[in-house]
Structure formats: structure tokens, C-alpha cells
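J.: Okay, handing you the structure first.
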Amino acid sequence: MRPIRRTRCVPAALAALSVVLASLLTGPVATAAEPAPAAAESAAGSRGPRLYVPDANPDAYLQALDLVRAGRDREAAGIVAMANTPQAVWFGDQSPAEVERLARGVVRDAGRDDATPVFALYNVPGRDCSNYSAGGAANTAEYKAWIDAVARGIGGHRAIVVLEPDSLALLPADCGQDDAEGTLTAARYTEVNYAVDKLEPLSGTRVYLDTGHPGWHSVNSIVPRLVEGGVTRATGFFTNVSNYTTDAATSWYGKLISSCLAHVAEGGDSAECPDQWWPRAEAEAWLDENVDTPASRMKHFVTDSSRNGQGPWTPPAGKYTDPQEWCNPPDRGLGARPTLRTGDPLQDARLWIKIPGESDGLCLRGTAGPEDPERGMVAPRAGDWFPEQALELVRLATPPLLPED
């Protein structure tokens, strides 16, 4: 994962595209401050706050313009519709002064539309185990100053905070970066706890902590990390950021984690909890017998459906030494549209957290490269626009992004 760079300027090409593409959509092409009707309805219905649509990656509009010039108007409409669906604003490489200014601008812009922005904060020291999205603050003190600045920028405005993807699922100890005393892992927990204590008390702000995704940590493994990371003082947790697991799997994983957290809060042991690989009937029977905490008092969760419309990719058996299933997998599609109305008392929202259309990085799948052998091309670096993948996501969206011909 790589922090997303945003400007506050939507390319003028969008205005020209609106006229050409309007007939292909159910209504006028939306601007960055006005989601397409389907997105707005799914985000909040006819009443209450809706989810915020930030300025898109400018390369999305440039791709759409190129498609119009090539006579591929419907594909262009799909790219524009994807770009104008509510999604997260990522912060990670800015200075404290800059992130404070940017966060303040987003919450003010969102407030004018009675919309709730989603912030993905991605600046913890040693993020991504220094791999594709390496970077982050230099140390704990620098990180605390950065979080202080984010808090000042959000102020008393309404916001959802997705706090540090991979921070708990991928600790320094997990990737051989820590010393024998676990100094860096202890610092990671200090940093996450500090962010919870600084951001959650803000009026209108809800903070969610990292769990990775259902194909990674078991419930029994991730729950102790959440507890040590301060989830008891946060609104809850998130799952599937930048991954492709289905909504059904992420929602079930979320329920199991929330239930296990409730069990632990009542004095139980997380090792006793059912994990996502238990037979469903056995897990539900365990929950019925051991968890009676009302949903209103349990930890809630949000999920990422930005690219899970086709579910996870299954690599060809035995073809790659390291298939990197998570890295720009072929033939994936956009997932269900973002919404604050999930119908699940434990799931606060389904969101587009990872920006669809932006690359996961240079995927070599255990080969010498430089091409991704599954795609036959060199993929853009993490966070850069990936036109070929963007078209796949639009074409294979489930449900469809555009009305049928």
C-alpha cells in the first residue's frame, strides 16, 4: 500500500467529458463534490450523512479523455463513474503542517455537502516492513507529532479514520526487523495506542484498527494484537484493505473478531474463540453459548470492497515460487458500492479504502522480472495509476458500475 497523493484541482477535462458521457449514465456525471446518484444512494440513502467523494487521481480523468478520443465512450464513462464514487483520502508522507492543512480542507469540504470523509492514515514507522510502500515517520516522537497535526486538522468535524493499514497484522517482529527485546514491536503498539487516544475522543471521529484480511491472521491471532493496540478505546476495526476477499468472508470475519473481543472483555481467552476456518454451524453454536453482549456494546467494524467484486485470485498451481496473490491480480472487478447502511448491527460501513485503479506495485511473482509474468508487462509502482487494471475493474465490476446497454 502506498499513500495517495491528492491535489485540490479536478482536471478541466472532466467538464468536457460530462457532456459526452452523460447519456451513458443514469444521470449527469458527478463532480468530485457530488457523487453519482447510485453512489450517493448506496452511501447514505435519502437521509443522513453520506460518504465523501475526494478529488480523484488526475490520471483517471486523463485515461477517460484518451478513451473518449478513441471512441470508447462507455469505457470512459466507467472510469469517470469509478473515480466519482466515495473513497478514502490517504495521508502518509506529508509534514505535520501539510497534513494538518490538508485534513482541515477535506473536513470543511465534506461538511459543506453533509458528507463523512474517510481518512486512511499511513505513516507509522517501518510501515509495510519497508517493502513496496516503505516509509513512514522516522520514530515514535515524529509520529506522535504527525498524529497531533491530523487531530488538529480534523477538529470537531465528522470523520472515519482507518488507522494504519498493516500496522497490527504486519508487526516489525513479523518481518525480521525487530531486535531480541522486541523494541520496535513495542514501539508500534505505543504509536497505535497514541493515535487512538488522540483521535477517538474528537467529536464525530470514529477510529478503526487493522486486522489484515480473513486469509491472513486467524481470529485467535489478531484479537490479542487488537487489544494491545488499544481497540477497547476505539470504535472498532477494519478488514480487507487493499485485498480482494469477498464481502461475505469479510463480514463473517468481522463478526467473529467482534464476538471474540466481547468474550475477552468478559474475562474469556481469545484462544477459545472460533476462527474463520471453523465450520460455520459450529462457530455459530459457540457464539450463541459464549457471547451475550448486545451489539451496541461490541466493537464494530468496516470493510473494504473496492476491488473484491470477483473475489480473490487463485494463481495457477505450481507456476510461481511466490505468486503474490495480493499484487495486481488479473481479472478482478470493483466490489459493492460504499455504504453506511450495511444492514449488519456490527458493520458500520462498507467502504472503498484502497483507491481502485492505483497499482499495488511491481509484481514479479518470484521471477527475475522486470515484467509481471501474469500480465506480460511492467506494472506501475505502488500508488501510480494502472490503466489496464482500471479497465478490468470497471468491466468486471460486481454489481455492474454502469446500466446495461
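We label chains A, B, ... in the order they appear in the C-alpha cells, count residues from 1 in each chain, and number ligands from 1 in the order shown.
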Skipping near chain neighbours, those fewer than 6 positions away, what residues fall within 7 Å of range 323-328 of chain A using only C-alpha atoms, listed as a tab-separated table (two decimals) with N, CA and C atoms, in the first residue's frame?

T.:
```
chain	number	residue	atom	x	y	z
A	243	ASN	N	-7.21	-5.60	-0.30
A	243	ASN	CA	-7.27	-7.01	-0.64
A	243	ASN	C	-8.56	-7.31	-1.40
A	313	TRP	N	-7.94	-13.84	-6.23
A	313	TRP	CA	-7.36	-14.53	-7.37
A	313	TRP	C	-6.72	-15.83	-6.93
A	315	PRO	N	-3.90	-18.30	-8.07
A	315	PRO	CA	-2.80	-18.44	-9.02
A	315	PRO	C	-2.78	-19.85	-9.62
A	359	SER	N	-1.98	1.11	-8.71
A	359	SER	CA	-1.22	-0.13	-8.69
A	359	SER	C	-0.81	-0.55	-7.29
A	360	ASP	N	-0.67	-1.87	-7.10
A	360	ASP	CA	-0.13	-2.41	-5.86
A	360	ASP	C	1.39	-2.42	-5.87
A	361	GLY	N	2.01	-2.24	-7.02
A	361	GLY	CA	3.47	-2.23	-7.09
A	361	GLY	C	4.00	-3.13	-8.19
A	363	CYS	N	4.98	-6.33	-9.48
A	363	CYS	CA	4.68	-7.71	-9.09
A	363	CYS	C	5.52	-8.67	-9.94
A	365	ARG	N	6.29	-12.05	-8.82
A	365	ARG	CA	5.79	-13.40	-8.53
A	365	ARG	C	6.92	-14.44	-8.46
A	366	GLY	N	8.03	-14.02	-7.88
A	366	GLY	CA	9.16	-14.93	-7.71
A	366	GLY	C	10.07	-15.03	-8.90
```

J.: Gln276 in chain A: which residues within 10 Å, counting only C-alpha atoms, same-chain residues fewer than 6 positions away excluded, as a VMD selection string?

T.: chain A and resid 214 to 215 217 to 220 249 to 250 252 to 257 283

J.: What is the distance, in Å and to one decimal place, between CA of Gln63 in chain A and CA of Arg381 in chain A?

T.: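 Distance reported for this atom pair: 17.3 Å.
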
J.: What does the distance from CA of Arg280 in chain A to CA of Leu346 in chain A come to in Å, to one decimal?

T.: 18.0 Å

J.: Residues at most 9 Å from range 191-200 of chain A, counting only C-alpha atoms, excluding those fewer than 6 positions away in the same chain, as a ChimeraX atom specification?

T.: /A:124-125,140-141,143-144,147-148,150-151,154,161,163-164,167-168,206-209,228-231,233-235

J.: Could you give me, as a PyMOL selection string, the residues within 12 Å of Arg108 in chain A, counting only C-alpha atoms and dropping anything in the same chain fewer than 4 positions from it?

T.: chain A and resi 33+52+54+101-104+112-117+153-159

J.: Between CA of Phe386 in chain A and CA of Asp55 in chain A, what is the spacing in Å?

T.: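 Computing the Euclidean distance for CA of Asp55 in chain A and CA of Phe386 in chain A yields 17.3 Å.
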
J.: Would you please work out which residue, of A:Gly376, A:Gly309, A:Pro274, A:Gly236, is nearest to Arg297 in chain A when using only C-alpha atoms?

T.: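 Result for the nearest residue to Arg297 in chain A: A:Gly236.
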
J.: Enumerate the residues of range 225-355 of chain A with a DSSP assignment of strand (DSSP E or B), computed from the backbone, and present them as a list in words.

T.: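 Residues meeting the strand (DSSP E or B) criterion: Gly236, Phe237, Phe238, Thr239, His300, Phe301, Val302, Thr303, Asp304, Thr339, Gln347, Asp348, Ala349, Arg350 and Leu351 of chain A.
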